[in-house]
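Novice: Take this structure, written in structure tokens, and hold onto it; I'll ask about it next.
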Amino acid sequence: MIIFYGAAGLNHFINPAFYIKIMPSWLPLHKELVFVSGIFEVAFALLLIFPQTRSIGAWGIIALLIAVFPANVQMLVNYADSNDPKLWIAIVRLPIQLLLIWWAYGFTRRGTKPVEG
């Protein structure tokens with residue numbers, strides 16, 4: 001999970017254009033929000049390393065997954081509107097968010113091992 005979210009957070013800086021194009025139009029400062037979410041993603045991943053901060057990192061990841069859900073919906077809308085053949089990815093991505101939240105929840109009990117799945 002640490003590697004997964006650390007890499008995903010760094011990708012916000014490596015490939016910001018991908019995230020900018022799925023930002024809902026009603027949100028301001030798209031580029032800035034992409035970078036801020038990347039910073040938080042990396043920070044929460046780092047908090048997972050230590051048992052003393054693991055719960056904080058996990059709750060942060062859960063909050064972040066909820067906060068970025070509108071971007072995943074926007075991705076689905078964009079792909080549907082443009083008849084993109086990758087629409088299926090956007091459809092599958094939405095329920096995967098719930099699995100990712102469940103996975104992070106397994107880390108919320110400080111100092112305990114995550115739920116194996």
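Residues in the structure tokens are numbered from 1 in each chain, the chains being A, B, ... in the order shown, and ligands are numbered from 1 in the order shown.
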Using only C-alpha atoms, which residues sit within 9 Å of stretch 23-35 of chain A once same-chain residues fewer than 2 positions away are excluded, as a PyMOL selection string?
Specialist: chain A and resi 9+12-13+16-17+19-21+37-40+68+70-75
Novice: Output C-alpha atoms for every residue in that selection, as a tab-separated table (two decimals), in the first residue's frame.
Specialist:
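The resulting file, part-v3.tsv, is shown below:
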```tsv
chain	number	residue	atom	x	y	z
A	9	GLY	CA	1.21	10.46	-5.65
A	12	HIS	CA	0.67	13.55	-10.14
A	13	PHE	CA	3.95	15.42	-10.73
A	16	PRO	CA	-0.24	16.03	-14.29
A	17	ALA	CA	-2.04	16.36	-17.64
A	19	TYR	CA	-5.29	14.28	-13.77
A	20	ILE	CA	-6.03	17.80	-15.00
A	21	LYS	CA	-8.25	16.51	-17.81
A	37	SER	CA	-3.51	15.77	-3.97
A	38	GLY	CA	-0.19	14.26	-5.07
A	39	ILE	CA	1.56	15.74	-2.03
A	40	PHE	CA	-1.12	14.35	0.28
A	68	VAL	CA	-11.13	12.48	-5.57
A	70	PRO	CA	-15.77	13.32	-8.36
A	71	ALA	CA	-12.72	13.20	-10.65
A	72	ASN	CA	-13.36	9.50	-11.26
A	73	VAL	CA	-16.98	10.27	-12.10
A	74	GLN	CA	-15.79	13.06	-14.41
A	75	MET	CA	-13.46	10.59	-16.14
```
Novice: As a PyMOL selection string, please: every residue in chain A that DSSP puts in alpha helix (DSSP H).
Specialist: chain A and resi 2-14+16-20+30-47+54-67+69-81+87-105
Novice: Which residue is closest to A:Ile62? Choose from A:Glu41, A:Phe18, A:Tyr105, A:Tyr5 and count only C-alpha atoms.
Specialist: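 Once distances to A:Ile62 are computed over only C-alpha atoms, the minimum belongs to A:Tyr105.
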Novice: For the atom pair atom CA of A:Phe4 and atom CA of A:Arg93, what is the interatomic distance in Å to one decimal place?
Specialist: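 Between atom CA of A:Phe4 and atom CA of A:Arg93 the gap works out to 15.5 Å.
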Novice: Choose the residue, out of A:Ile96, A:Ile101, A:Asn83, A:Ile3, that has the smallest atom-to-atom separation from A:Ile49; count only C-alpha atoms.
Specialist: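 Checking each of A:Ile96, A:Ile101, A:Asn83, A:Ile3 against A:Ile49, counting only C-alpha atoms, the winner is A:Ile3.
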Novice: Please report the interatomic distance between atom CA of A:Gln52 and atom CA of A:Leu64 in Å with one decimal.
Specialist: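 Computing it gives 20.1 Å between the two atoms.
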